[in-house]
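A.B. asks: Dropping in my_file_23.cif, which is mmCIF, C-alpha atoms:
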```cif
data_entry
loop_
_atom_site.group_PDB
_atom_site.id
_atom_site.type_symbol
_atom_site.label_atom_id
_atom_site.label_comp_id
_atom_site.auth_asym_id
_atom_site.auth_seq_id
_atom_site.Cartn_x
_atom_site.Cartn_y
_atom_site.Cartn_z
ATOM 1 C CA MET A 1 -73.774 51.536 -60.685
ATOM 2 C CA THR A 2 -71.389 51.847 -57.765
ATOM 3 C CA ARG A 3 -74.276 51.628 -55.310
ATOM 4 C CA PHE A 4 -75.674 48.577 -57.129
ATOM 5 C CA ARG A 5 -72.317 46.811 -56.948
ATOM 6 C CA SER A 6 -72.000 47.622 -53.263
ATOM 7 C CA LEU A 7 -75.479 46.175 -52.644
ATOM 8 C CA LEU A 8 -74.586 42.959 -54.477
ATOM 9 C CA ALA A 9 -71.371 42.638 -52.464
ATOM 10 C CA ALA A 10 -73.277 43.119 -49.228
ATOM 11 C CA LEU A 11 -75.875 40.511 -50.190
ATOM 12 C CA ALA A 12 -73.143 38.045 -51.158
ATOM 13 C CA ALA A 13 -71.356 38.569 -47.834
ATOM 14 C CA ALA A 14 -74.588 38.036 -45.907
ATOM 15 C CA ALA A 15 -75.327 34.813 -47.825
ATOM 16 C CA ALA A 16 -71.821 33.533 -47.098
ATOM 17 C CA LEU A 17 -72.320 34.126 -43.387
ATOM 18 C CA GLN A 18 -75.621 32.243 -43.392
ATOM 19 C CA ALA A 19 -74.408 29.232 -45.475
ATOM 20 C CA PRO A 20 -73.492 26.155 -43.401
ATOM 21 C CA ALA A 21 -69.774 25.612 -43.069
ATOM 22 C CA ALA A 22 -68.331 22.503 -44.721
ATOM 23 C CA VAL A 23 -67.973 19.687 -42.218
ATOM 24 C CA ALA A 24 -64.319 18.793 -41.691
ATOM 25 C CA GLN A 25 -63.584 15.144 -42.382
ATOM 26 C CA GLN A 26 -61.341 13.268 -39.941
ATOM 27 C CA ALA A 27 -58.669 11.390 -41.893
ATOM 28 C CA VAL A 28 -58.359 7.696 -41.002
ATOM 29 C CA LYS A 29 -55.614 5.470 -42.417
ATOM 30 C CA PHE A 30 -56.810 1.844 -42.350
ATOM 31 C CA THR A 31 -54.817 -1.275 -43.221
ATOM 32 C CA LEU A 32 -56.229 -4.636 -44.221
ATOM 33 C CA ASP A 33 -54.423 -7.837 -43.283
ATOM 34 C CA TRP A 34 -54.098 -9.042 -46.874
ATOM 35 C CA ARG A 35 -54.683 -8.198 -50.512
ATOM 36 C CA PHE A 36 -57.922 -6.817 -51.934
ATOM 37 C CA GLU A 37 -59.916 -10.051 -51.931
ATOM 38 C CA GLY A 38 -63.505 -11.037 -51.152
ATOM 39 C CA PRO A 39 -63.352 -10.404 -47.374
ATOM 40 C CA GLY A 40 -62.185 -6.846 -48.043
ATOM 41 C CA ALA A 41 -65.772 -6.116 -49.100
ATOM 42 C CA LEU A 42 -66.655 -5.781 -45.411
ATOM 43 C CA PHE A 43 -64.687 -2.513 -45.410
ATOM 44 C CA LEU A 44 -64.725 -1.434 -49.044
ATOM 45 C CA LEU A 45 -68.531 -1.481 -49.365
ATOM 46 C CA PRO A 46 -69.186 0.988 -46.509
ATOM 47 C CA ALA A 47 -66.423 3.157 -47.981
ATOM 48 C CA ALA A 48 -67.932 3.010 -51.474
ATOM 49 C CA LYS A 49 -71.432 3.789 -50.189
ATOM 50 C CA GLY A 50 -70.271 6.803 -48.201
ATOM 51 C CA TYR A 51 -71.069 5.364 -44.768
ATOM 52 C CA PHE A 52 -67.705 6.422 -43.338
ATOM 53 C CA LYS A 53 -68.055 9.853 -44.890
ATOM 54 C CA ALA A 54 -71.493 10.227 -43.311
ATOM 55 C CA GLU A 55 -69.763 9.756 -39.946
ATOM 56 C CA GLY A 56 -67.380 12.604 -40.762
ATOM 57 C CA LEU A 57 -64.518 10.286 -41.735
ATOM 58 C CA ASP A 58 -62.184 10.371 -44.723
ATOM 59 C CA VAL A 59 -61.054 6.731 -44.690
ATOM 60 C CA THR A 60 -58.138 5.465 -46.762
ATOM 61 C CA ILE A 61 -58.012 1.656 -47.033
ATOM 62 C CA ASP A 62 -54.746 -0.049 -48.018
ATOM 63 C CA SER A 63 -53.934 -3.714 -48.618
ATOM 64 C CA GLY A 64 -51.687 -5.623 -46.207
ATOM 65 C CA ALA A 65 -49.198 -8.476 -46.129
ATOM 66 C CA GLY A 66 -50.280 -10.513 -43.110
ATOM 67 C CA SER A 67 -51.727 -9.941 -39.659
ATOM 68 C CA ALA A 68 -48.395 -9.496 -37.898
ATOM 69 C CA GLY A 69 -47.481 -6.727 -40.318
ATOM 70 C CA ALA A 70 -50.882 -5.070 -39.927
ATOM 71 C CA VAL A 71 -50.594 -5.056 -36.121
ATOM 72 C CA ASN A 72 -47.121 -3.532 -36.379
ATOM 73 C CA ARG A 73 -48.373 -0.857 -38.784
ATOM 74 C CA ILE A 74 -51.042 0.181 -36.278
ATOM 75 C CA ALA A 75 -48.901 -0.096 -33.154
ATOM 76 C CA THR A 76 -46.109 2.032 -34.599
ATOM 77 C CA GLY A 77 -48.504 4.749 -35.760
ATOM 78 C CA GLY A 78 -48.115 4.172 -39.496
ATOM 79 C CA TYR A 79 -51.854 3.474 -39.608
ATOM 80 C CA ASP A 80 -54.622 4.651 -37.328
ATOM 81 C CA MET A 81 -56.744 1.514 -37.518
ATOM 82 C CA GLY A 82 -56.657 -1.879 -39.184
ATOM 83 C CA PHE A 83 -57.848 -5.454 -39.523
ATOM 84 C CA ALA A 84 -55.787 -8.352 -38.179
ATOM 85 C CA ASP A 85 -55.858 -11.702 -36.405
ATOM 86 C CA LEU A 86 -56.397 -11.399 -32.661
ATOM 87 C CA ALA A 87 -53.634 -13.916 -31.916
ATOM 88 C CA ALA A 88 -51.157 -11.624 -33.695
ATOM 89 C CA LEU A 89 -52.223 -8.767 -31.416
ATOM 90 C CA ILE A 90 -51.894 -10.942 -28.296
ATOM 91 C CA GLU A 91 -48.384 -11.924 -29.378
ATOM 92 C CA PHE A 92 -47.427 -8.313 -30.069
ATOM 93 C CA LEU A 93 -48.716 -7.064 -26.700
ATOM 94 C CA ALA A 94 -46.940 -9.883 -24.861
ATOM 95 C CA ASN A 95 -43.668 -8.774 -26.474
ATOM 96 C CA ASN A 96 -44.416 -5.039 -26.170
ATOM 97 C CA PRO A 97 -46.231 -4.644 -22.823
ATOM 98 C CA THR A 98 -46.105 -0.837 -22.810
ATOM 99 C CA ASN A 99 -47.900 -0.534 -26.144
ATOM 100 C CA LYS A 100 -51.654 0.026 -25.881
ATOM 101 C CA THR A 101 -52.910 -0.974 -29.320
ATOM 102 C CA GLN A 102 -56.295 -2.638 -28.836
ATOM 103 C CA ALA A 103 -58.950 -4.592 -30.686
ATOM 104 C CA VAL A 104 -62.263 -2.716 -30.682
ATOM 105 C CA PHE A 105 -64.629 -4.768 -32.875
ATOM 106 C CA MET A 106 -64.607 -8.544 -33.388
ATOM 107 C CA VAL A 107 -65.301 -9.378 -37.044
ATOM 108 C CA TYR A 108 -64.414 -13.084 -37.378
ATOM 109 C CA GLU A 109 -66.140 -14.818 -34.486
ATOM 110 C CA THR A 110 -64.322 -18.037 -35.409
ATOM 111 C CA ALA A 111 -60.677 -18.211 -36.462
ATOM 112 C CA PRO A 112 -60.393 -19.572 -40.036
ATOM 113 C CA ALA A 113 -57.400 -21.824 -39.249
ATOM 114 C CA ALA A 114 -57.438 -25.271 -40.877
ATOM 115 C CA ILE A 115 -55.301 -28.239 -41.899
ATOM 116 C CA PHE A 116 -55.772 -29.490 -45.463
ATOM 117 C CA THR A 117 -54.978 -32.826 -47.049
ATOM 118 C CA LEU A 118 -56.288 -34.926 -49.935
ATOM 119 C CA LYS A 119 -58.126 -38.252 -49.643
ATOM 120 C CA LYS A 120 -55.356 -40.057 -51.516
ATOM 121 C CA ASN A 121 -53.037 -39.388 -48.558
ATOM 122 C CA GLY A 122 -55.104 -41.563 -46.231
ATOM 123 C CA ILE A 123 -55.553 -38.884 -43.580
ATOM 124 C CA ALA A 124 -59.209 -39.183 -42.651
ATOM 125 C CA LYS A 125 -59.117 -37.701 -39.149
ATOM 126 C CA PRO A 126 -56.763 -35.437 -37.178
ATOM 127 C CA ALA A 127 -55.183 -38.413 -35.369
ATOM 128 C CA ASP A 128 -53.920 -39.627 -38.765
ATOM 129 C CA LEU A 129 -51.642 -36.570 -38.952
ATOM 130 C CA ALA A 130 -49.307 -38.146 -36.367
ATOM 131 C CA GLY A 131 -45.900 -38.739 -37.910
ATOM 132 C CA LYS A 132 -46.742 -36.668 -41.000
ATOM 133 C CA LYS A 133 -45.189 -33.549 -42.445
ATOM 134 C CA ILE A 134 -47.244 -30.356 -42.747
ATOM 135 C CA GLY A 135 -46.244 -27.543 -45.061
ATOM 136 C CA ALA A 136 -46.641 -23.845 -44.230
ATOM 137 C CA PRO A 137 -44.637 -20.623 -43.920
ATOM 138 C CA PRO A 138 -43.312 -20.023 -40.378
ATOM 139 C CA PHE A 139 -45.641 -17.057 -39.811
ATOM 140 C CA ASP A 140 -48.813 -18.907 -40.840
ATOM 141 C CA ALA A 141 -51.536 -18.340 -38.212
ATOM 142 C CA ALA A 142 -52.824 -21.926 -38.372
ATOM 143 C CA ARG A 143 -49.297 -23.275 -37.963
ATOM 144 C CA LYS A 144 -48.636 -21.067 -34.948
ATOM 145 C CA ALA A 145 -51.932 -22.196 -33.401
ATOM 146 C CA TRP A 146 -51.149 -25.879 -34.047
ATOM 147 C CA PRO A 147 -50.405 -26.638 -30.349
ATOM 148 C CA ILE A 148 -53.942 -25.493 -29.466
ATOM 149 C CA PHE A 149 -55.471 -27.713 -32.164
ATOM 150 C CA ALA A 150 -53.203 -30.646 -31.284
ATOM 151 C CA LYS A 151 -54.302 -30.483 -27.648
ATOM 152 C CA ALA A 152 -57.966 -30.360 -28.681
ATOM 153 C CA VAL A 153 -57.677 -33.514 -30.813
ATOM 154 C CA GLY A 154 -55.441 -35.464 -28.436
ATOM 155 C CA LEU A 155 -52.143 -35.169 -30.304
ATOM 156 C CA LYS A 156 -48.777 -34.144 -28.923
ATOM 157 C CA THR A 157 -47.422 -30.847 -30.178
ATOM 158 C CA ASP A 158 -44.428 -32.616 -31.727
ATOM 159 C CA ALA A 159 -46.568 -35.321 -33.360
ATOM 160 C CA VAL A 160 -45.929 -33.708 -36.747
ATOM 161 C CA THR A 161 -42.963 -32.060 -38.439
ATOM 162 C CA TRP A 162 -43.216 -28.773 -40.284
ATOM 163 C CA GLN A 163 -41.830 -28.000 -43.720
ATOM 164 C CA ASN A 164 -41.248 -24.319 -44.468
ATOM 165 C CA MET A 165 -42.600 -23.131 -47.797
ATOM 166 C CA ASP A 166 -43.720 -20.029 -49.618
ATOM 167 C CA PRO A 167 -47.413 -19.294 -48.933
ATOM 168 C CA ALA A 168 -48.113 -19.080 -52.664
ATOM 169 C CA LEU A 169 -46.793 -22.605 -53.246
ATOM 170 C CA ARG A 170 -48.316 -24.702 -50.479
ATOM 171 C CA GLU A 171 -51.533 -25.771 -52.259
ATOM 172 C CA GLN A 172 -49.607 -26.625 -55.404
ATOM 173 C CA LEU A 173 -47.127 -28.740 -53.446
ATOM 174 C CA LEU A 174 -50.003 -30.599 -51.761
ATOM 175 C CA VAL A 175 -51.674 -31.315 -55.106
ATOM 176 C CA ARG A 176 -48.357 -32.508 -56.554
ATOM 177 C CA GLY A 177 -47.886 -34.875 -53.622
ATOM 178 C CA GLU A 178 -44.709 -33.245 -52.327
ATOM 179 C CA VAL A 179 -46.239 -32.821 -48.870
ATOM 180 C CA PRO A 180 -49.150 -34.790 -47.340
ATOM 181 C CA ALA A 181 -50.793 -31.825 -45.581
ATOM 182 C CA ILE A 182 -50.686 -28.049 -45.313
ATOM 183 C CA SER A 183 -52.077 -25.431 -42.932
ATOM 184 C CA GLY A 184 -53.745 -22.130 -43.714
ATOM 185 C CA PHE A 185 -56.930 -20.104 -43.620
ATOM 186 C CA TYR A 186 -59.896 -22.207 -44.714
ATOM 187 C CA PHE A 187 -61.346 -19.713 -47.186
ATOM 188 C CA THR A 188 -57.946 -19.314 -48.840
ATOM 189 C CA GLY A 189 -56.676 -22.898 -48.876
ATOM 190 C CA TYR A 190 -59.906 -24.505 -50.062
ATOM 191 C CA LEU A 191 -60.319 -22.220 -53.065
ATOM 192 C CA ASN A 192 -56.615 -22.360 -53.935
ATOM 193 C CA LEU A 193 -56.768 -26.160 -53.999
ATOM 194 C CA LEU A 194 -59.737 -26.043 -56.368
ATOM 195 C CA ALA A 195 -57.871 -23.563 -58.579
ATOM 196 C CA ARG A 196 -54.926 -25.974 -58.753
ATOM 197 C CA GLY A 197 -56.974 -28.905 -59.941
ATOM 198 C CA ALA A 198 -58.198 -30.608 -56.764
ATOM 199 C CA LYS A 199 -61.813 -31.808 -56.831
ATOM 200 C CA PRO A 200 -64.179 -30.826 -53.997
ATOM 201 C CA ASP A 201 -64.694 -34.468 -52.967
ATOM 202 C CA GLU A 202 -60.926 -35.000 -52.800
ATOM 203 C CA ILE A 203 -60.269 -32.223 -50.284
ATOM 204 C CA VAL A 204 -60.172 -33.037 -46.584
ATOM 205 C CA ALA A 205 -60.205 -29.996 -44.294
ATOM 206 C CA PHE A 206 -59.850 -30.051 -40.525
ATOM 207 C CA LYS A 207 -61.208 -26.665 -39.469
ATOM 208 C CA TYR A 208 -59.946 -25.887 -35.978
ATOM 209 C CA GLY A 209 -63.319 -24.572 -34.892
ATOM 210 C CA ASP A 210 -64.973 -27.915 -35.734
ATOM 211 C CA PHE A 211 -62.781 -29.673 -33.179
ATOM 212 C CA GLY A 212 -63.461 -27.556 -30.123
ATOM 213 C CA VAL A 213 -60.880 -24.816 -30.716
ATOM 214 C CA ARG A 214 -62.764 -21.647 -29.757
ATOM 215 C CA LEU A 215 -60.356 -19.042 -31.078
ATOM 216 C CA TYR A 216 -61.505 -15.620 -32.143
ATOM 217 C CA GLY A 217 -60.290 -14.553 -35.569
ATOM 218 C CA ASN A 218 -59.748 -11.130 -37.091
ATOM 219 C CA ALA A 219 -60.794 -7.910 -35.408
ATOM 220 C CA VAL A 220 -60.670 -4.181 -36.047
ATOM 221 C CA MET A 221 -57.796 -2.625 -34.108
ATOM 222 C CA VAL A 222 -56.842 0.937 -33.279
ATOM 223 C CA SER A 223 -53.656 2.666 -32.188
ATOM 224 C CA GLU A 224 -53.482 4.107 -28.691
ATOM 225 C CA LYS A 225 -52.687 7.591 -29.971
ATOM 226 C CA PHE A 226 -55.565 7.734 -32.458
ATOM 227 C CA ALA A 227 -58.128 6.311 -30.016
ATOM 228 C CA ALA A 228 -57.163 8.809 -27.318
ATOM 229 C CA ALA A 229 -57.315 11.787 -29.671
ATOM 230 C CA ASN A 230 -60.343 10.728 -31.741
ATOM 231 C CA PRO A 231 -62.761 8.570 -29.703
ATOM 232 C CA LYS A 232 -65.794 9.808 -31.680
ATOM 233 C CA ALA A 233 -64.079 8.899 -34.947
ATOM 234 C CA VAL A 234 -63.432 5.340 -33.738
ATOM 235 C CA ALA A 235 -67.072 4.945 -32.666
ATOM 236 C CA GLY A 236 -68.273 6.408 -35.964
ATOM 237 C CA PHE A 237 -66.049 4.058 -37.945
ATOM 238 C CA LEU A 238 -67.534 1.054 -36.152
ATOM 239 C CA ARG A 239 -71.109 2.243 -36.715
ATOM 240 C CA ALA A 240 -70.446 2.574 -40.437
ATOM 241 C CA LEU A 241 -68.665 -0.776 -40.523
ATOM 242 C CA LYS A 242 -71.566 -2.565 -38.817
ATOM 243 C CA LYS A 243 -74.004 -1.143 -41.351
ATOM 244 C CA GLY A 244 -71.769 -2.108 -44.257
ATOM 245 C CA MET A 245 -71.126 -5.632 -42.969
ATOM 246 C CA GLU A 246 -74.842 -6.333 -42.681
ATOM 247 C CA GLU A 247 -75.344 -5.178 -46.274
ATOM 248 C CA VAL A 248 -72.468 -7.339 -47.532
ATOM 249 C CA VAL A 249 -73.994 -10.407 -45.875
ATOM 250 C CA ALA A 250 -77.382 -9.626 -47.424
ATOM 251 C CA LYS A 251 -75.947 -8.851 -50.874
ATOM 252 C CA PRO A 252 -72.448 -10.356 -51.378
ATOM 253 C CA ASP A 253 -72.409 -9.366 -55.064
ATOM 254 C CA GLU A 254 -72.588 -5.693 -54.102
ATOM 255 C CA GLY A 255 -69.665 -6.234 -51.756
ATOM 256 C CA ILE A 256 -67.589 -7.823 -54.509
ATOM 257 C CA ALA A 257 -68.439 -4.927 -56.836
ATOM 258 C CA ALA A 258 -66.818 -2.622 -54.280
ATOM 259 C CA VAL A 259 -63.697 -4.820 -54.245
ATOM 260 C CA LYS A 260 -63.646 -4.894 -58.057
ATOM 261 C CA ALA A 261 -63.830 -1.112 -58.112
ATOM 262 C CA ARG A 262 -60.680 -1.003 -55.973
ATOM 263 C CA ASP A 263 -58.801 -3.754 -57.844
ATOM 264 C CA GLY A 264 -60.030 -4.309 -61.389
ATOM 265 C CA LEU A 265 -57.901 -7.445 -61.803
ATOM 266 C CA ILE A 266 -59.698 -9.629 -59.248
ATOM 267 C CA ASP A 267 -61.444 -12.831 -60.358
ATOM 268 C CA VAL A 268 -65.050 -11.949 -59.515
ATOM 269 C CA LYS A 269 -66.258 -15.559 -59.393
ATOM 270 C CA LEU A 270 -63.383 -16.641 -57.164
ATOM 271 C CA GLU A 271 -63.667 -13.707 -54.769
ATOM 272 C CA THR A 272 -67.434 -14.071 -54.528
ATOM 273 C CA ALA A 273 -66.919 -17.686 -53.494
ATOM 274 C CA ARG A 274 -64.268 -16.604 -50.964
ATOM 275 C CA LEU A 275 -66.543 -13.972 -49.456
ATOM 276 C CA LYS A 276 -69.402 -16.470 -49.151
ATOM 277 C CA LEU A 277 -67.106 -18.913 -47.330
ATOM 278 C CA VAL A 278 -66.202 -16.152 -44.865
ATOM 279 C CA ILE A 279 -69.868 -15.297 -44.353
ATOM 280 C CA ALA A 280 -70.766 -18.953 -43.741
ATOM 281 C CA ASN A 281 -67.817 -19.846 -41.504
ATOM 282 C CA GLN A 282 -66.395 -16.754 -39.804
ATOM 283 C CA LEU A 283 -69.199 -14.258 -39.281
ATOM 284 C CA ALA A 284 -72.061 -14.242 -36.778
ATOM 285 C CA LYS A 285 -74.708 -16.713 -37.885
ATOM 286 C CA SER A 286 -77.430 -14.197 -37.033
ATOM 287 C CA GLY A 287 -76.265 -11.848 -39.788
ATOM 288 C CA THR A 288 -76.234 -8.954 -37.338
ATOM 289 C CA PHE A 289 -73.046 -7.756 -35.722
ATOM 290 C CA THR A 290 -72.334 -6.367 -32.284
ATOM 291 C CA GLY A 291 -68.532 -6.613 -32.473
ATOM 292 C CA ALA A 292 -68.492 -7.789 -28.860
ATOM 293 C CA VAL A 293 -66.554 -10.674 -27.308
ATOM 294 C CA ASP A 294 -67.259 -13.038 -24.443
ATOM 295 C CA LYS A 295 -64.715 -12.098 -21.785
ATOM 296 C CA ALA A 296 -64.285 -15.646 -20.469
ATOM 297 C CA GLN A 297 -63.616 -16.939 -23.988
ATOM 298 C CA LEU A 298 -61.219 -14.061 -24.647
ATOM 299 C CA GLU A 299 -59.275 -14.833 -21.472
ATOM 300 C CA GLN A 300 -59.028 -18.485 -22.519
ATOM 301 C CA ASN A 301 -57.877 -17.407 -25.991
ATOM 302 C CA ILE A 302 -55.139 -15.301 -24.449
ATOM 303 C CA ALA A 303 -53.985 -18.167 -22.227
ATOM 304 C CA ASP A 304 -54.005 -20.609 -25.176
ATOM 305 C CA VAL A 305 -52.044 -18.260 -27.447
ATOM 306 C CA VAL A 306 -49.483 -17.462 -24.738
ATOM 307 C CA ALA A 307 -48.895 -21.195 -24.169
ATOM 308 C CA ALA A 308 -48.898 -22.141 -27.868
ATOM 309 C CA PHE A 309 -46.554 -19.327 -28.910
ATOM 310 C CA GLY A 310 -44.270 -19.713 -25.890
ATOM 311 C CA LEU A 311 -44.750 -16.081 -24.851
ATOM 312 C CA LYS A 312 -43.104 -14.763 -21.698
ATOM 313 C CA ALA A 313 -45.855 -12.306 -20.756
ATOM 314 C CA LYS A 314 -49.632 -12.608 -20.646
ATOM 315 C CA PRO A 315 -51.724 -9.558 -21.620
ATOM 316 C CA THR A 316 -55.012 -9.075 -19.796
ATOM 317 C CA ALA A 317 -58.367 -9.214 -21.579
ATOM 318 C CA ASP A 318 -58.795 -5.463 -21.016
ATOM 319 C CA GLN A 319 -55.419 -4.778 -22.627
ATOM 320 C CA VAL A 320 -56.375 -6.803 -25.702
ATOM 321 C CA PHE A 321 -59.981 -5.697 -26.255
ATOM 322 C CA ASN A 322 -61.727 -2.374 -25.577
ATOM 323 C CA SER A 323 -65.517 -2.555 -25.840
ATOM 324 C CA SER A 324 -66.182 1.136 -25.126
ATOM 325 C CA PHE A 325 -66.381 2.097 -28.819
ATOM 326 C CA LEU A 326 -68.890 -0.577 -29.864
ATOM 327 C CA PRO A 327 -72.154 0.523 -31.498
ATOM 328 C CA LYS A 328 -74.954 0.696 -28.944
#
```
Would you give me this structure, written as structure tokens?
C.D. replies:
Amino acid sequence: MTRFRSLLAALAAAAALQAPAAVAQQAVKFTLDWRFEGPGALFLLPAAKGYFKAEGLDVTIDSGAGSAGAVNRIATGGYDMGFADLAALIEFLANNPTNKTQAVFMVYETAPAAIFTLKKNGIAKPADLAGKKIGAPPFDAARKAWPIFAKAVGLKTDAVTWQNMDPALREQLLVRGEVPAISGFYFTGYLNLLARGAKPDEIVAFKYGDFGVRLYGNAVMVSEKFAAANPKAVAGFLRALKKGMEEVVAKPDEGIAAVKARDGLIDVKLETARLKLVIANQLAKSGTFTGAVDKAQLEQNIADVVAAFGLKAKPTADQVFNSSFLPK
């Protein structure tokens, strides 16, 4: 019996030596720019389907509270990677020139900034905004980019006055007639106006991109420390993201199911509509994604943001965007 037990122990030890070792998963803390809504499917679907895990990554995805906050989370090392508006990154780098946080994959090829009004207000074209009041919180991306839009449509920067308001109240105040126009992201403002009783044919939206404003929108960003220590992880994350994004575009309902799994309280119909607006307006029309940027357009974006925001420094295109991690 003793010999038999010894033989079993030897066999077990040999089998253990021959068995493949478990692959260590690289932890990645990722922050979104906002709550778990339709657009979050672009990240939550590849997570749910195991695409990040297949790249050796253990990705944790958290909600955010705005692009500026997301950039700060990444730049200070609280998060390894994240999703935020490129203009917020340009502003941060201008104010923190020694920080090397970078965008590494362009997701929204067109910034979703827009001005909203209702037909009853008699504002049929951007020029009609002159002398009007526009409501928005001070940190609103469309409000901060107003000087770029104003220049594109032939208005002076001070042609309008701004009324500060809580972001959750702006659509309601527009519907109630307390302000003639508001600014915001198109896929948020349009659906919020519908939810507050506005009819589709009553809504007038001036999308910045429709008036010659060629601003990039949200991108994936990475902290300097994480990128330097884990270049293969960054590249693997972007490969998995690309695959997931293409599936979300092909099957938005599957993307929303992944969001629902993360936040069971979402309105599926509303978030499906929001995701489809993002697909139609912000993503590459081809339905395939390279994550790349046009350097000349990026340089113009940087110059426009620096002028519009009144920044004292001007980051270079190479400081803002690093293309070395893009899927081949």
A.B. asks: List the residues sitting within 12 Å of (-48.0, -6.8, -27.7) in the file's frame, using all atoms listed in the file, as a PDB file with C-alpha atoms, in the frame of the given file.
C.D. replies:
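Final output, saved to part.pdb:
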```
ATOM      1  CA  ALA A  68     -48.395  -9.496 -37.898  1.00  0.00           C
ATOM      2  CA  VAL A  71     -50.594  -5.056 -36.121  1.00  0.00           C
ATOM      3  CA  ASN A  72     -47.121  -3.532 -36.379  1.00  0.00           C
ATOM      4  CA  ILE A  74     -51.042   0.181 -36.278  1.00  0.00           C
ATOM      5  CA  ALA A  75     -48.901  -0.096 -33.154  1.00  0.00           C
ATOM      6  CA  THR A  76     -46.109   2.032 -34.599  1.00  0.00           C
ATOM      7  CA  LEU A  86     -56.397 -11.399 -32.661  1.00  0.00           C
ATOM      8  CA  ALA A  87     -53.634 -13.916 -31.916  1.00  0.00           C
ATOM      9  CA  ALA A  88     -51.157 -11.624 -33.695  1.00  0.00           C
ATOM     10  CA  LEU A  89     -52.223  -8.767 -31.416  1.00  0.00           C
ATOM     11  CA  ILE A  90     -51.894 -10.942 -28.296  1.00  0.00           C
ATOM     12  CA  GLU A  91     -48.384 -11.924 -29.378  1.00  0.00           C
ATOM     13  CA  PHE A  92     -47.427  -8.313 -30.069  1.00  0.00           C
ATOM     14  CA  LEU A  93     -48.716  -7.064 -26.700  1.00  0.00           C
ATOM     15  CA  ALA A  94     -46.940  -9.883 -24.861  1.00  0.00           C
ATOM     16  CA  ASN A  95     -43.668  -8.774 -26.474  1.00  0.00           C
ATOM     17  CA  ASN A  96     -44.416  -5.039 -26.170  1.00  0.00           C
ATOM     18  CA  PRO A  97     -46.231  -4.644 -22.823  1.00  0.00           C
ATOM     19  CA  THR A  98     -46.105  -0.837 -22.810  1.00  0.00           C
ATOM     20  CA  ASN A  99     -47.900  -0.534 -26.144  1.00  0.00           C
ATOM     21  CA  LYS A 100     -51.654   0.026 -25.881  1.00  0.00           C
ATOM     22  CA  THR A 101     -52.910  -0.974 -29.320  1.00  0.00           C
ATOM     23  CA  GLN A 102     -56.295  -2.638 -28.836  1.00  0.00           C
ATOM     24  CA  ALA A 103     -58.950  -4.592 -30.686  1.00  0.00           C
ATOM     25  CA  SER A 223     -53.656   2.666 -32.188  1.00  0.00           C
ATOM     26  CA  ILE A 302     -55.139 -15.301 -24.449  1.00  0.00           C
ATOM     27  CA  VAL A 306     -49.483 -17.462 -24.738  1.00  0.00           C
ATOM     28  CA  LEU A 311     -44.750 -16.081 -24.851  1.00  0.00           C
ATOM     29  CA  LYS A 312     -43.104 -14.763 -21.698  1.00  0.00           C
ATOM     30  CA  ALA A 313     -45.855 -12.306 -20.756  1.00  0.00           C
ATOM     31  CA  LYS A 314     -49.632 -12.608 -20.646  1.00  0.00           C
ATOM     32  CA  PRO A 315     -51.724  -9.558 -21.620  1.00  0.00           C
ATOM     33  CA  THR A 316     -55.012  -9.075 -19.796  1.00  0.00           C
ATOM     34  CA  GLN A 319     -55.419  -4.778 -22.627  1.00  0.00           C
ATOM     35  CA  VAL A 320     -56.375  -6.803 -25.702  1.00  0.00           C
TER      36      VAL A 320
END
```
A.B. asks: Out of A:Gly50, A:Asn281, A:Asp318, A:Pro252, which residue has the shortest atom-to-atom distance to Val268 (chain A) when counting all atoms listed in the file?
C.D. replies: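 Selected residue with least distance to Val268 (chain A): A:Pro252.
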A.B. asks: Name the closest residue to Lys269 (chain A) among the candidates A:Ala111, A:Leu191, A:Ala227, A:Ala54; distances are taken between atoms, counting all atoms listed in the file.
C.D. replies: A:Leu191
A.B. asks: Please, which residues in region 253-319 of chain A fall within 12 Å of region 140-149 of chain A when counting all atoms listed in the file, and what is the closest atom pair and distance in Å to one decimal for each, ordered by chain then residue number, as JSON lines?
C.D. replies:
```
{"residue": "A:Gln300", "atom": "CA", "partner": "A:Ile148", "partner_atom": "CA", "distance": 11.1}
{"residue": "A:Asn301", "atom": "CA", "partner": "A:Ile148", "partner_atom": "CA", "distance": 9.6}
{"residue": "A:Ile302", "atom": "CA", "partner": "A:Ile148", "partner_atom": "CA", "distance": 11.4}
{"residue": "A:Ala303", "atom": "CA", "partner": "A:Ile148", "partner_atom": "CA", "distance": 10.3}
{"residue": "A:Asp304", "atom": "CA", "partner": "A:Ile148", "partner_atom": "CA", "distance": 6.5}
{"residue": "A:Val305", "atom": "CA", "partner": "A:Ala145", "partner_atom": "CA", "distance": 7.1}
{"residue": "A:Val306", "atom": "CA", "partner": "A:Ala145", "partner_atom": "CA", "distance": 10.2}
{"residue": "A:Ala307", "atom": "CA", "partner": "A:Pro147", "partner_atom": "CA", "distance": 8.4}
{"residue": "A:Ala308", "atom": "CA", "partner": "A:Pro147", "partner_atom": "CA", "distance": 5.4}
{"residue": "A:Phe309", "atom": "CA", "partner": "A:Lys144", "partner_atom": "CA", "distance": 6.6}
{"residue": "A:Gly310", "atom": "CA", "partner": "A:Lys144", "partner_atom": "CA", "distance": 10.1}
{"residue": "A:Leu311", "atom": "CA", "partner": "A:Lys144", "partner_atom": "CA", "distance": 11.9}
```
A.B. asks: Take CA of Leu173 (chain A) and CA of Gly38 (chain A) and report the distance between them in Å, one decimal.
C.D. replies: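 CA of Leu173 (chain A) sits 24.2 Å away from CA of Gly38 (chain A).
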A.B. asks: Looking at only C-alpha atoms, which of A:Gly64, A:Gly77, A:Pro126, A:Gly177 is the one that sits closest to Asp210 (chain A)?
C.D. replies: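 That would be A:Pro126, the residue with the smallest distance to Asp210 (chain A).
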